[in-house]
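Below is input03.txt, which holds compact mmCIF, C-alpha atoms (C1' of nucleotides).
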```txt
# COMPACT_ATOMS: atom_id res chain seq x y z
CA MET A 264 -115.26 51.15 93.41
CA LYS A 265 -115.31 54.88 93.90
CA ALA A 266 -117.98 57.09 92.39
CA THR A 267 -115.92 60.25 92.85
CA SER A 268 -113.40 61.74 90.47
CA GLU A 269 -110.44 59.38 90.20
CA PRO A 270 -108.04 60.24 87.39
CA PRO A 271 -108.50 57.48 84.75
CA VAL A 272 -104.90 56.21 85.06
CA ALA A 273 -103.88 59.79 84.44
CA ASP A 274 -100.20 59.54 85.37
CA ALA A 275 -97.46 57.75 83.55
CA GLN A 276 -97.29 54.26 84.97
CA VAL A 277 -98.93 52.26 87.72
CA GLU A 278 -101.74 52.87 90.11
CA THR A 279 -101.02 55.39 92.84
CA LEU A 280 -103.31 56.52 95.63
CA PRO A 281 -104.14 59.93 97.09
CA ILE A 282 -103.53 60.47 100.78
CA ALA A 283 -107.22 60.19 101.69
CA GLU A 284 -107.41 56.70 100.24
CA VAL A 285 -104.22 55.61 101.99
CA ALA A 286 -105.66 56.96 105.22
CA ARG A 287 -108.81 54.95 104.67
CA ARG A 288 -106.88 51.77 103.96
CA THR A 289 -104.37 52.03 106.78
CA GLY A 290 -106.65 53.47 109.41
CA LEU A 291 -104.19 56.31 109.91
CA SER A 292 -105.30 59.91 109.48
CA ALA A 293 -103.93 62.01 106.63
CA ASP A 294 -102.30 64.15 109.28
CA THR A 295 -100.54 61.13 110.74
CA LEU A 296 -99.34 60.04 107.31
CA ARG A 297 -97.79 63.45 106.73
CA TYR A 298 -96.39 63.38 110.25
CA TYR A 299 -94.74 60.01 109.64
CA GLU A 300 -93.16 61.36 106.49
CA LYS A 301 -91.86 64.44 108.30
CA ALA A 302 -90.59 62.22 111.11
CA GLY A 303 -88.53 60.22 108.67
CA LEU A 304 -90.49 56.99 108.89
CA ILE A 305 -91.47 57.11 105.25
CA ASP A 306 -89.33 58.01 102.27
CA ALA A 307 -90.54 61.12 100.50
CA VAL A 308 -93.62 60.01 98.62
CA ARG A 309 -93.85 60.79 94.90
CA ARG A 310 -95.82 63.91 94.05
CA THR A 311 -97.88 65.22 91.16
CA PRO A 312 -96.46 68.34 89.50
CA ALA A 313 -98.73 70.33 91.77
CA GLY A 314 -97.06 68.84 94.82
CA VAL A 315 -99.84 66.43 95.77
CA ARG A 316 -98.75 63.10 97.22
CA ARG A 317 -99.43 59.89 95.27
CA TYR A 318 -98.70 56.73 97.22
CA ALA A 319 -97.38 53.69 95.38
CA ALA A 320 -97.92 50.05 96.30
CA ALA A 321 -94.41 49.91 97.80
CA ASP A 322 -95.34 52.78 100.09
CA LEU A 323 -98.36 50.85 101.29
CA ASP A 324 -96.27 47.75 101.96
CA TRP A 325 -93.80 49.75 104.00
CA LEU A 326 -96.62 51.40 105.89
CA ALA A 327 -98.10 48.03 106.73
CA PHE A 328 -94.76 46.95 108.11
CA LEU A 329 -94.43 50.14 110.14
CA LEU A 330 -97.86 49.56 111.60
CA ARG A 331 -96.82 46.11 112.66
CA LEU A 332 -93.83 47.56 114.45
CA ARG A 333 -96.01 50.22 116.03
CA ASP A 334 -98.65 47.73 117.11
CA THR A 335 -96.00 45.65 118.79
CA GLY A 336 -94.95 48.66 120.80
CA MET A 337 -92.01 50.06 118.88
CA SER A 338 -91.47 53.78 119.39
CA ILE A 339 -91.36 56.23 116.52
CA ALA A 340 -87.70 56.90 117.28
CA ASP A 341 -86.88 53.21 116.84
CA MET A 342 -88.96 52.90 113.70
CA ARG A 343 -87.01 55.85 112.42
CA LEU A 344 -83.75 54.00 113.08
CA PHE A 345 -85.03 51.13 111.05
CA ALA A 346 -86.17 53.41 108.24
CA ASP A 347 -82.78 55.09 108.19
CA LEU A 348 -81.06 51.73 107.88
CA ARG A 349 -83.35 50.73 105.07
CA ARG A 350 -82.33 53.83 103.16
CA LEU A 351 -78.74 52.62 103.20
CA GLY A 352 -79.68 49.65 101.04
CA ASN A 353 -78.47 46.07 101.16
CA GLU A 354 -75.42 46.67 103.27
CA SER A 355 -77.65 47.49 106.23
CA VAL A 356 -79.42 44.15 106.13
CA PRO A 357 -77.38 42.68 109.03
CA ALA A 358 -78.11 45.71 111.20
CA ARG A 359 -81.79 45.54 110.33
CA LEU A 360 -81.82 41.86 111.13
CA ASP A 361 -80.31 42.62 114.53
CA LEU A 362 -82.83 45.33 115.30
CA LEU A 363 -85.69 43.14 114.26
CA SER A 364 -84.48 40.14 116.23
CA GLU A 365 -84.09 42.28 119.30
CA HIS A 366 -87.57 43.60 118.85
CA ARG A 367 -88.88 40.10 118.36
CA GLN A 368 -87.48 39.18 121.76
CA ILE A 369 -89.20 42.15 123.35
CA VAL A 370 -92.52 41.21 121.79
CA ASP A 371 -92.11 37.63 122.86
CA ARG A 372 -91.49 38.67 126.42
CA ARG A 373 -94.44 41.03 126.28
CA ILE A 374 -96.70 38.18 125.23
CA ARG A 375 -95.45 36.01 128.08
CA ASP A 376 -96.06 38.79 130.58
CA LEU A 377 -99.53 39.39 129.25
CA ARG A 378 -100.35 35.72 129.51
CA ALA A 379 -99.19 35.62 133.11
CA ASN A 380 -101.29 38.68 133.86
CA LEU A 381 -104.23 37.13 132.08
CA ARG A 382 -104.04 34.09 134.32
CA ALA A 383 -103.97 36.35 137.37
CA LEU A 384 -107.01 38.23 136.04
CA ASP A 385 -108.78 34.92 135.61
CA ARG A 386 -108.08 34.01 139.20
CA LYS A 387 -109.48 37.35 140.32
CA ILE A 388 -112.55 36.84 138.18
CA SER A 389 -113.10 33.38 139.65
CA HIS A 390 -112.76 34.89 143.08
CA TYR A 391 -115.50 37.41 142.30
CA ARG A 392 -117.71 34.67 140.84
CA ASN A 393 -117.34 32.68 144.02
CA LEU A 394 -118.21 35.70 146.10
CA LEU A 395 -121.37 36.17 144.08
CA GLU A 396 -122.46 32.56 144.37
CA GLU A 397 -121.98 32.44 148.08
CA GLN A 398 -124.22 35.37 148.69
CA MET B 26 -83.30 43.73 157.16
CA LYS B 27 -82.69 47.45 157.13
CA ALA B 28 -79.74 49.01 158.92
CA THR B 29 -81.38 52.46 158.95
CA SER B 30 -83.72 53.85 161.55
CA GLU B 31 -86.96 51.90 161.44
CA PRO B 32 -89.31 52.57 164.36
CA PRO B 33 -89.18 49.41 166.51
CA VAL B 34 -92.85 48.56 165.95
CA ALA B 35 -93.57 52.05 167.12
CA ASP B 36 -97.25 52.32 166.15
CA ALA B 37 -100.16 50.43 167.57
CA GLN B 38 -100.58 47.29 165.50
CA VAL B 39 -99.06 45.68 162.44
CA GLU B 40 -96.17 46.40 160.17
CA THR B 41 -96.57 49.38 157.91
CA LEU B 42 -94.13 50.70 155.33
CA PRO B 43 -92.90 54.19 154.48
CA ILE B 44 -93.37 55.41 150.95
CA ALA B 45 -89.75 54.87 149.97
CA GLU B 46 -89.98 51.20 150.79
CA VAL B 47 -93.23 50.80 148.89
CA ALA B 48 -91.61 52.52 145.94
CA ARG B 49 -88.72 50.09 146.11
CA ARG B 50 -91.01 47.08 146.28
CA THR B 51 -93.43 48.11 143.56
CA GLY B 52 -90.99 49.73 141.20
CA LEU B 53 -93.10 52.88 141.21
CA SER B 54 -91.59 56.19 142.25
CA ALA B 55 -92.76 57.90 145.43
CA ASP B 56 -94.10 60.65 143.19
CA THR B 57 -96.16 58.15 141.27
CA LEU B 58 -97.52 56.63 144.47
CA ARG B 59 -98.69 60.04 145.64
CA TYR B 60 -100.03 60.75 142.18
CA TYR B 61 -102.07 57.54 142.20
CA GLU B 62 -103.53 58.49 145.53
CA LYS B 63 -104.45 61.95 144.31
CA ALA B 64 -105.93 60.41 141.16
CA GLY B 65 -108.24 58.25 143.26
CA LEU B 66 -106.64 54.92 142.44
CA ILE B 67 -105.72 54.30 146.05
CA ASP B 68 -107.76 54.91 149.15
CA ALA B 69 -106.22 57.50 151.43
CA VAL B 70 -103.32 55.74 153.07
CA ARG B 71 -103.04 55.84 156.86
CA ARG B 72 -100.74 58.52 158.20
CA THR B 73 -98.59 59.09 161.26
CA PRO B 74 -99.67 62.03 163.45
CA ALA B 75 -97.15 64.11 161.53
CA GLY B 76 -98.96 63.32 158.28
CA VAL B 77 -96.47 60.80 156.94
CA ARG B 78 -97.91 57.92 154.94
CA ARG B 79 -97.61 54.38 156.31
CA TYR B 80 -98.65 51.70 153.83
CA ALA B 81 -100.34 48.57 155.15
CA ALA B 82 -100.21 45.09 153.61
CA ALA B 83 -103.68 45.63 152.12
CA ASP B 84 -102.41 48.72 150.35
CA LEU B 85 -99.60 46.70 148.81
CA ASP B 86 -102.03 44.03 147.63
CA TRP B 87 -104.22 46.61 145.99
CA LEU B 88 -101.21 48.24 144.39
CA ALA B 89 -100.10 44.92 142.97
CA PHE B 90 -103.52 44.47 141.45
CA LEU B 91 -103.47 47.99 140.01
CA LEU B 92 -100.10 47.29 138.45
CA ARG B 93 -101.51 44.22 136.80
CA LEU B 94 -104.29 46.30 135.32
CA ARG B 95 -101.82 48.94 134.21
CA ASP B 96 -99.47 46.40 132.68
CA THR B 97 -102.29 44.93 130.69
CA GLY B 98 -102.99 48.33 129.23
CA MET B 99 -105.79 49.71 131.39
CA SER B 100 -105.90 53.49 131.56
CA ILE B 101 -105.78 55.40 134.80
CA ALA B 102 -109.33 56.59 134.21
CA ASP B 103 -110.56 53.00 134.01
CA MET B 104 -108.57 51.92 137.03
CA ARG B 105 -110.19 54.80 138.82
CA LEU B 106 -113.62 53.47 137.87
CA PHE B 107 -112.68 50.15 139.36
CA ALA B 108 -111.34 51.77 142.51
CA ASP B 109 -114.54 53.79 142.87
CA LEU B 110 -116.61 50.62 142.62
CA ARG B 111 -114.47 48.90 145.18
CA ARG B 112 -115.14 51.72 147.61
CA LEU B 113 -118.84 50.92 147.39
CA GLY B 114 -118.26 47.55 148.99
CA ASN B 115 -119.85 44.20 148.27
CA GLU B 116 -122.81 45.50 146.34
CA SER B 117 -120.48 46.58 143.53
CA VAL B 118 -119.09 43.09 143.02
CA PRO B 119 -121.23 42.37 139.94
CA ALA B 120 -120.16 45.63 138.34
CA ARG B 121 -116.53 44.91 139.13
CA LEU B 122 -116.88 41.46 137.69
CA ASP B 123 -118.27 42.94 134.50
CA LEU B 124 -115.46 45.45 134.19
CA LEU B 125 -112.87 42.81 134.80
CA SER B 126 -114.39 40.34 132.35
CA GLU B 127 -114.51 43.02 129.73
CA HIS B 128 -110.90 43.87 130.35
CA ARG B 129 -110.00 40.21 130.22
CA GLN B 130 -111.45 40.06 126.71
CA ILE B 131 -109.40 43.04 125.65
CA VAL B 132 -106.21 41.50 127.00
CA ASP B 133 -107.01 38.21 125.32
CA ARG B 134 -107.48 39.94 122.00
CA ARG B 135 -104.29 41.89 122.52
CA ILE B 136 -102.36 38.68 123.04
CA ARG B 137 -103.82 37.19 119.88
CA ASP B 138 -102.88 40.29 117.89
CA LEU B 139 -99.38 40.27 119.27
CA ARG B 140 -98.95 36.63 118.37
CA ALA B 141 -100.07 37.29 114.82
CA ASN B 142 -97.65 40.18 114.59
CA LEU B 143 -94.91 38.04 116.05
CA ARG B 144 -95.43 35.47 113.32
CA ALA B 145 -95.21 38.23 110.72
CA LEU B 146 -92.02 39.49 112.31
CA ASP B 147 -90.60 36.00 112.14
CA ARG B 148 -91.37 35.79 108.47
CA LYS B 149 -89.61 39.10 107.93
CA ILE B 150 -86.63 37.91 109.92
CA SER B 151 -86.44 34.72 107.86
CA HIS B 152 -86.59 36.82 104.75
CA TYR B 153 -83.60 38.86 105.92
CA ARG B 154 -81.70 35.70 106.87
CA ASN B 155 -82.25 34.32 103.38
CA LEU B 156 -81.05 37.55 101.86
CA LEU B 157 -77.86 37.31 103.88
CA GLU B 158 -77.17 33.71 102.95
CA GLU B 159 -77.66 34.29 99.26
CA GLN B 160 -75.10 37.03 99.19
C1' DG C 127 -79.17 74.48 168.45
C1' DC C 128 -78.20 72.91 163.95
C1' DT C 129 -77.82 69.81 160.36
C1' DT C 130 -79.33 65.88 157.77
C1' DG C 131 -82.71 63.35 155.64
C1' DC C 132 -87.11 61.69 154.69
C1' DG C 133 -91.51 63.10 153.90
C1' DG C 134 -95.38 66.47 152.75
C1' DT C 135 -97.91 69.85 149.27
C1' DG C 136 -99.37 72.31 145.03
C1' DG C 137 -98.44 73.09 140.71
C1' DA C 138 -95.51 73.40 136.56
C1' DG C 139 -93.27 70.79 132.97
C1' DC C 140 -92.18 66.95 129.88
C1' DG C 141 -92.00 63.32 126.20
C1' DC C 142 -94.79 60.86 123.25
C1' DG C 143 -97.84 60.39 119.45
C1' DC C 144 -100.59 62.38 117.34
C1' DT C 145 -104.38 66.16 116.07
C1' DC C 146 -105.97 70.48 114.70
C1' DC C 147 -105.74 74.86 112.48
C1' DA C 148 -105.07 78.91 109.33
C1' DA C 149 -103.89 80.24 105.10
C1' DG C 150 -102.71 79.14 100.63
C1' DT C 151 -102.70 76.32 95.96
C1' DC C 152 -104.64 73.62 92.48
C1' DC C 153 -108.27 71.29 89.75
C1' DT C 154 -112.85 70.54 88.23
C1' DA C 155 -117.75 71.41 87.55
C1' DG C 156 -121.27 74.55 86.52
C1' DC D 242 -115.56 83.39 86.01
C1' DT D 243 -116.74 81.44 90.30
C1' DA D 244 -117.32 78.11 93.80
C1' DG D 245 -116.13 73.90 96.06
C1' DG D 246 -113.26 70.47 97.50
C1' DA D 247 -109.07 67.99 98.12
C1' DC D 248 -104.66 68.90 99.01
C1' DT D 249 -100.34 71.63 100.76
C1' DT D 250 -97.43 73.84 104.71
C1' DG D 251 -95.66 75.28 109.36
C1' DG D 252 -96.66 75.41 113.72
C1' DA D 253 -99.60 75.33 117.85
C1' DG D 254 -102.16 72.38 120.97
C1' DC D 255 -103.67 68.20 123.39
C1' DG D 256 -104.30 64.01 126.43
C1' DC D 257 -101.81 60.78 128.90
C1' DG D 258 -98.87 59.30 132.55
C1' DC D 259 -95.94 60.56 134.95
C1' DT D 260 -91.78 63.59 136.78
C1' DC D 261 -89.71 67.42 138.79
C1' DC D 262 -89.42 71.44 141.62
C1' DA D 263 -89.57 74.83 145.44
C1' DC D 264 -90.61 75.23 149.75
C1' DC D 265 -92.04 73.50 154.20
C1' DG D 266 -92.28 70.31 158.54
C1' DC D 267 -90.65 66.96 161.59
C1' DA D 268 -87.48 63.77 164.15
C1' DA D 269 -82.92 62.02 165.17
C1' DG D 270 -77.98 62.58 165.87
C1' DC D 271 -73.93 65.53 166.70
```
Encoded form (structure tokens):
Amino acid sequence: MKATSEPPVADAQVETLPIAEVARRTGLSADTLRYYEKAGLIDAVRRTPAGVRRYAAADLDWLAFLLRLRDTGMSIADMRLFADLRRLGNESVPARLDLLSEHRQIVDRRIRDLRANLRALDRKISHYRNLLEEQ
Amino acid sequence: MKATSEPPVADAQVETLPIAEVARRTGLSADTLRYYEKAGLIDAVRRTPAGVRRYAAADLDWLAFLLRLRDTGMSIADMRLFADLRRLGNESVPARLDLLSEHRQIVDRRIRDLRANLRALDRKISHYRNLLEEQ
DNA sequence: GCTTGCGGTGGAGCGCGCTCCAAGTCCTAG
DNA sequence: CTAGGACTTGGAGCGCGCTCCACCGCAAGC
């Protein structure tokens, strides 16, 4: 699917992706991907001997999850908390569950608020429509 | 309702509010209220001879509307566009209607996205709950 | 008169989430 | 051997939406 120079399964095992491809797939910039790693959101990504990042499928899955958290309004600091917990392994599952449930509540409330605001917008729009028709 | 020193209907006509009271009612800080005025979101508020702002009921209504726009994610620049149109009077109603309808679409899409993300969060939460029970 | 307190102004500063840059390394193609 | 391109790093810079600050004025109460 790419005409450029992909290594023909050069490395040892499975398929890994260069940062540019991960950027393309996630919609993040390469700079942002490196920034997330520096910020502790992403475990250190595997590297080629030359120090070039190669992202594995698990990295992509984690990134997708992070993006979900981000898109629901979670701050980088809070995502970092979650990432730190994840690094602790299974024993942190209860704590992660708590964090996630709490966040779920926040998102739920956000949706409710947006819906209320949407209804108010609709009333305003109707008001404008009426104004137009009367003139 | 206030034990402090309110002028006993000092001015000419109706009830107007000092900035501190408007801050209290809107949840904005006095600094933010002044900032919004400077940024062109609010028409110049009436002043006492000494230059002190007195907010009228119409100002509060407009502020409430602005807050709705803000809370649904509209940028200050876009709110400013809307405020500028409003200043033009009735002839800008179609343009305002367009802006508002467009924004409505954005909010609607945002709600949809949030709901999709919420469902994904719920799946993740269930996953964690299962993990806990199995152990 | 003096203090207290609320309000005014202009402008600097801040936290967030990136974004951009310079300078260097490595690999490949020609 | 050279040139080009993708990648690396550390650190500076940016746009947004406030937030804070120093300094000043005014009005009321002691």
What would you get as a PDB file with C-alpha atoms, in the frame of the given file if chain B were moved onto chain A by least squares over all of its C-alpha atoms in order?
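Ended up saving to superposed_5.pdb:
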```pdb
ATOM      1  CA  MET B  26    -114.872  51.196  92.794  1.00  0.00           C
ATOM      2  CA  LYS B  27    -115.065  54.898  93.481  1.00  0.00           C
ATOM      3  CA  ALA B  28    -117.812  57.064  92.032  1.00  0.00           C
ATOM      4  CA  THR B  29    -115.798  60.263  92.583  1.00  0.00           C
ATOM      5  CA  SER B  30    -113.303  61.819  90.234  1.00  0.00           C
ATOM      6  CA  GLU B  31    -110.300  59.534  89.958  1.00  0.00           C
ATOM      7  CA  PRO B  32    -107.873  60.441  87.168  1.00  0.00           C
ATOM      8  CA  PRO B  33    -108.340  57.741  84.501  1.00  0.00           C
ATOM      9  CA  VAL B  34    -104.791  56.405  84.854  1.00  0.00           C
ATOM     10  CA  ALA B  35    -103.680  59.945  84.302  1.00  0.00           C
ATOM     11  CA  ASP B  36     -99.999  59.633  85.255  1.00  0.00           C
ATOM     12  CA  ALA B  37     -97.308  57.711  83.487  1.00  0.00           C
ATOM     13  CA  GLN B  38     -97.253  54.230  84.971  1.00  0.00           C
ATOM     14  CA  VAL B  39     -98.961  52.287  87.723  1.00  0.00           C
ATOM     15  CA  GLU B  40    -101.767  52.913  90.123  1.00  0.00           C
ATOM     16  CA  THR B  41    -101.052  55.388  92.863  1.00  0.00           C
ATOM     17  CA  LEU B  42    -103.345  56.498  95.667  1.00  0.00           C
ATOM     18  CA  PRO B  43    -104.185  59.899  97.130  1.00  0.00           C
ATOM     19  CA  ILE B  44    -103.604  60.423 100.812  1.00  0.00           C
ATOM     20  CA  ALA B  45    -107.267  60.123 101.731  1.00  0.00           C
ATOM     21  CA  GLU B  46    -107.442  56.651 100.280  1.00  0.00           C
ATOM     22  CA  VAL B  47    -104.268  55.567 102.037  1.00  0.00           C
ATOM     23  CA  ALA B  48    -105.704  56.912 105.263  1.00  0.00           C
ATOM     24  CA  ARG B  49    -108.846  54.884 104.711  1.00  0.00           C
ATOM     25  CA  ARG B  50    -106.904  51.716 103.986  1.00  0.00           C
ATOM     26  CA  THR B  51    -104.401  51.980 106.812  1.00  0.00           C
ATOM     27  CA  GLY B  52    -106.660  53.421 109.451  1.00  0.00           C
ATOM     28  CA  LEU B  53    -104.212  56.272 109.963  1.00  0.00           C
ATOM     29  CA  SER B  54    -105.339  59.859 109.538  1.00  0.00           C
ATOM     30  CA  ALA B  55    -103.966  61.959 106.690  1.00  0.00           C
ATOM     31  CA  ASP B  56    -102.343  64.109 109.358  1.00  0.00           C
ATOM     32  CA  THR B  57    -100.585  61.100 110.783  1.00  0.00           C
ATOM     33  CA  LEU B  58     -99.383  60.023 107.349  1.00  0.00           C
ATOM     34  CA  ARG B  59     -97.834  63.434 106.777  1.00  0.00           C
ATOM     35  CA  TYR B  60     -96.445  63.375 110.289  1.00  0.00           C
ATOM     36  CA  TYR B  61     -94.774  60.012 109.681  1.00  0.00           C
ATOM     37  CA  GLU B  62     -93.197  61.364 106.549  1.00  0.00           C
ATOM     38  CA  LYS B  63     -91.906  64.433 108.342  1.00  0.00           C
ATOM     39  CA  ALA B  64     -90.625  62.211 111.154  1.00  0.00           C
ATOM     40  CA  GLY B  65     -88.557  60.211 108.678  1.00  0.00           C
ATOM     41  CA  LEU B  66     -90.522  56.986 108.925  1.00  0.00           C
ATOM     42  CA  ILE B  67     -91.484  57.113 105.275  1.00  0.00           C
ATOM     43  CA  ASP B  68     -89.370  58.028 102.302  1.00  0.00           C
ATOM     44  CA  ALA B  69     -90.598  61.131 100.531  1.00  0.00           C
ATOM     45  CA  VAL B  70     -93.666  60.017  98.648  1.00  0.00           C
ATOM     46  CA  ARG B  71     -93.910  60.809  94.938  1.00  0.00           C
ATOM     47  CA  ARG B  72     -95.889  63.920  94.118  1.00  0.00           C
ATOM     48  CA  THR B  73     -97.944  65.251  91.234  1.00  0.00           C
ATOM     49  CA  PRO B  74     -96.531  68.392  89.577  1.00  0.00           C
ATOM     50  CA  ALA B  75     -98.815  70.369  91.865  1.00  0.00           C
ATOM     51  CA  GLY B  76     -97.124  68.827  94.902  1.00  0.00           C
ATOM     52  CA  VAL B  77     -99.887  66.402  95.814  1.00  0.00           C
ATOM     53  CA  ARG B  78     -98.788  63.075  97.261  1.00  0.00           C
ATOM     54  CA  ARG B  79     -99.472  59.885  95.298  1.00  0.00           C
ATOM     55  CA  TYR B  80     -98.751  56.714  97.257  1.00  0.00           C
ATOM     56  CA  ALA B  81     -97.412  53.696  95.388  1.00  0.00           C
ATOM     57  CA  ALA B  82     -97.937  50.036  96.298  1.00  0.00           C
ATOM     58  CA  ALA B  83     -94.438  49.920  97.812  1.00  0.00           C
ATOM     59  CA  ASP B  84     -95.367  52.773 100.112  1.00  0.00           C
ATOM     60  CA  LEU B  85     -98.394  50.838 101.313  1.00  0.00           C
ATOM     61  CA  ASP B  86     -96.283  47.751 101.975  1.00  0.00           C
ATOM     62  CA  TRP B  87     -93.830  49.745 104.011  1.00  0.00           C
ATOM     63  CA  LEU B  88     -96.650  51.393 105.912  1.00  0.00           C
ATOM     64  CA  ALA B  89     -98.130  48.019 106.745  1.00  0.00           C
ATOM     65  CA  PHE B  90     -94.791  46.934 108.117  1.00  0.00           C
ATOM     66  CA  LEU B  91     -94.458  50.131 110.150  1.00  0.00           C
ATOM     67  CA  LEU B  92     -97.894  49.546 111.609  1.00  0.00           C
ATOM     68  CA  ARG B  93     -96.845  46.097 112.678  1.00  0.00           C
ATOM     69  CA  LEU B  94     -93.860  47.566 114.461  1.00  0.00           C
ATOM     70  CA  ARG B  95     -96.027  50.227 116.048  1.00  0.00           C
ATOM     71  CA  ASP B  96     -98.655  47.734 117.143  1.00  0.00           C
ATOM     72  CA  THR B  97     -96.028  45.636 118.807  1.00  0.00           C
ATOM     73  CA  GLY B  98     -94.963  48.629 120.829  1.00  0.00           C
ATOM     74  CA  MET B  99     -92.014  50.048 118.906  1.00  0.00           C
ATOM     75  CA  SER B 100     -91.483  53.764 119.397  1.00  0.00           C
ATOM     76  CA  ILE B 101     -91.370  56.213 116.543  1.00  0.00           C
ATOM     77  CA  ALA B 102     -87.713  56.881 117.283  1.00  0.00           C
ATOM     78  CA  ASP B 103     -86.892  53.198 116.836  1.00  0.00           C
ATOM     79  CA  MET B 104     -88.971  52.890 113.701  1.00  0.00           C
ATOM     80  CA  ARG B 105     -87.030  55.842 112.420  1.00  0.00           C
ATOM     81  CA  LEU B 106     -83.775  53.996 113.077  1.00  0.00           C
ATOM     82  CA  PHE B 107     -85.069  51.112 111.043  1.00  0.00           C
ATOM     83  CA  ALA B 108     -86.201  53.397 108.243  1.00  0.00           C
ATOM     84  CA  ASP B 109     -82.795  55.083 108.198  1.00  0.00           C
ATOM     85  CA  LEU B 110     -81.091  51.709 107.862  1.00  0.00           C
ATOM     86  CA  ARG B 111     -83.394  50.711 105.070  1.00  0.00           C
ATOM     87  CA  ARG B 112     -82.400  53.821 103.161  1.00  0.00           C
ATOM     88  CA  LEU B 113     -78.813  52.591 103.188  1.00  0.00           C
ATOM     89  CA  GLY B 114     -79.754  49.638 101.032  1.00  0.00           C
ATOM     90  CA  ASN B 115     -78.551  46.059 101.134  1.00  0.00           C
ATOM     91  CA  GLU B 116     -75.477  46.666 103.221  1.00  0.00           C
ATOM     92  CA  SER B 117     -77.689  47.488 106.208  1.00  0.00           C
ATOM     93  CA  VAL B 118     -79.462  44.138 106.119  1.00  0.00           C
ATOM     94  CA  PRO B 119     -77.434  42.657 108.997  1.00  0.00           C
ATOM     95  CA  ALA B 120     -78.144  45.685 111.156  1.00  0.00           C
ATOM     96  CA  ARG B 121     -81.827  45.520 110.302  1.00  0.00           C
ATOM     97  CA  LEU B 122     -81.872  41.854 111.112  1.00  0.00           C
ATOM     98  CA  ASP B 123     -80.345  42.590 114.492  1.00  0.00           C
ATOM     99  CA  LEU B 124     -82.860  45.302 115.274  1.00  0.00           C
ATOM    100  CA  LEU B 125     -85.724  43.112 114.247  1.00  0.00           C
ATOM    101  CA  SER B 126     -84.503  40.098 116.207  1.00  0.00           C
ATOM    102  CA  GLU B 127     -84.102  42.248 119.253  1.00  0.00           C
ATOM    103  CA  HIS B 128     -87.591  43.587 118.840  1.00  0.00           C
ATOM    104  CA  ARG B 129     -88.893  40.084 118.341  1.00  0.00           C
ATOM    105  CA  GLN B 130     -87.490  39.162 121.751  1.00  0.00           C
ATOM    106  CA  ILE B 131     -89.203  42.118 123.343  1.00  0.00           C
ATOM    107  CA  VAL B 132     -92.536  41.201 121.788  1.00  0.00           C
ATOM    108  CA  ASP B 133     -92.117  37.599 122.856  1.00  0.00           C
ATOM    109  CA  ARG B 134     -91.478  38.658 126.421  1.00  0.00           C
ATOM    110  CA  ARG B 135     -94.428  41.010 126.292  1.00  0.00           C
ATOM    111  CA  ILE B 136     -96.700  38.174 125.246  1.00  0.00           C
ATOM    112  CA  ARG B 137     -95.434  36.001 128.077  1.00  0.00           C
ATOM    113  CA  ASP B 138     -96.035  38.790 130.590  1.00  0.00           C
ATOM    114  CA  LEU B 139     -99.507  39.399 129.276  1.00  0.00           C
ATOM    115  CA  ARG B 140    -100.345  35.727 129.532  1.00  0.00           C
ATOM    116  CA  ALA B 141     -99.180  35.628 133.127  1.00  0.00           C
ATOM    117  CA  ASN B 142    -101.265  38.682 133.891  1.00  0.00           C
ATOM    118  CA  LEU B 143    -104.217  37.147 132.117  1.00  0.00           C
ATOM    119  CA  ARG B 144    -104.003  34.097 134.348  1.00  0.00           C
ATOM    120  CA  ALA B 145    -103.930  36.366 137.393  1.00  0.00           C
ATOM    121  CA  LEU B 146    -106.951  38.230 136.091  1.00  0.00           C
ATOM    122  CA  ASP B 147    -108.751  34.943 135.668  1.00  0.00           C
ATOM    123  CA  ARG B 148    -108.031  34.010 139.234  1.00  0.00           C
ATOM    124  CA  LYS B 149    -109.416  37.348 140.368  1.00  0.00           C
ATOM    125  CA  ILE B 150    -112.497  36.862 138.241  1.00  0.00           C
ATOM    126  CA  SER B 151    -113.053  33.401 139.714  1.00  0.00           C
ATOM    127  CA  HIS B 152    -112.690  34.894 143.141  1.00  0.00           C
ATOM    128  CA  TYR B 153    -115.427  37.426 142.386  1.00  0.00           C
ATOM    129  CA  ARG B 154    -117.661  34.711 140.924  1.00  0.00           C
ATOM    130  CA  ASN B 155    -117.289  32.689 144.112  1.00  0.00           C
ATOM    131  CA  LEU B 156    -118.132  35.715 146.189  1.00  0.00           C
ATOM    132  CA  LEU B 157    -121.316  36.187 144.201  1.00  0.00           C
ATOM    133  CA  GLU B 158    -122.408  32.578 144.497  1.00  0.00           C
ATOM    134  CA  GLU B 159    -121.879  32.445 148.225  1.00  0.00           C
ATOM    135  CA  GLN B 160    -124.119  35.396 148.807  1.00  0.00           C
TER     136      GLN B 160
END
```
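In this structure, atom C1' of DT260 of chain D sits 7.4 Å away from atom CA of Asp56 of chain B.
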**Prompt:** Counting only C-alpha atoms (C1' of nucleotides), which residues from chain A have an atom at most 9 Å from any atom of chain D, and could you show them as a VMD selection string?
**Reply:** chain A and resid 282 to 283 314 to 316
**Request:** Go through B:Gly114, B:Arg148, B:Arg129, B:Asn155 one by one, measure the shortest atom-to-atom distance of each to chain A using only C-alpha atoms, and give the residue with the smallest value.
**Result:** B:Arg129
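Our summary of the geometry notes that atom CA of Gln368 of chain A is positioned 22.4 Å from atom CA of Gly52 of chain B.
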Dump as CSV the rows for residues of chain C within 10 Å of chain B: closest atom pair and distance in Å with one decimal, all atoms listed in the file counted, ordered by chain and rising residue number.
```
residue,atom,partner,partner_atom,distance
C:DC132,C1',B:Ala45,CA,8.7
C:DG133,C1',B:Val77,CA,6.3
C:DG134,C1',B:Val77,CA,7.1
```
**Request:** Just give me the gap between atom CA of Pro312 of chain A and atom C1' of DC152 of chain C in Å, one decimal is fine.
**Result:** 10.2 Å
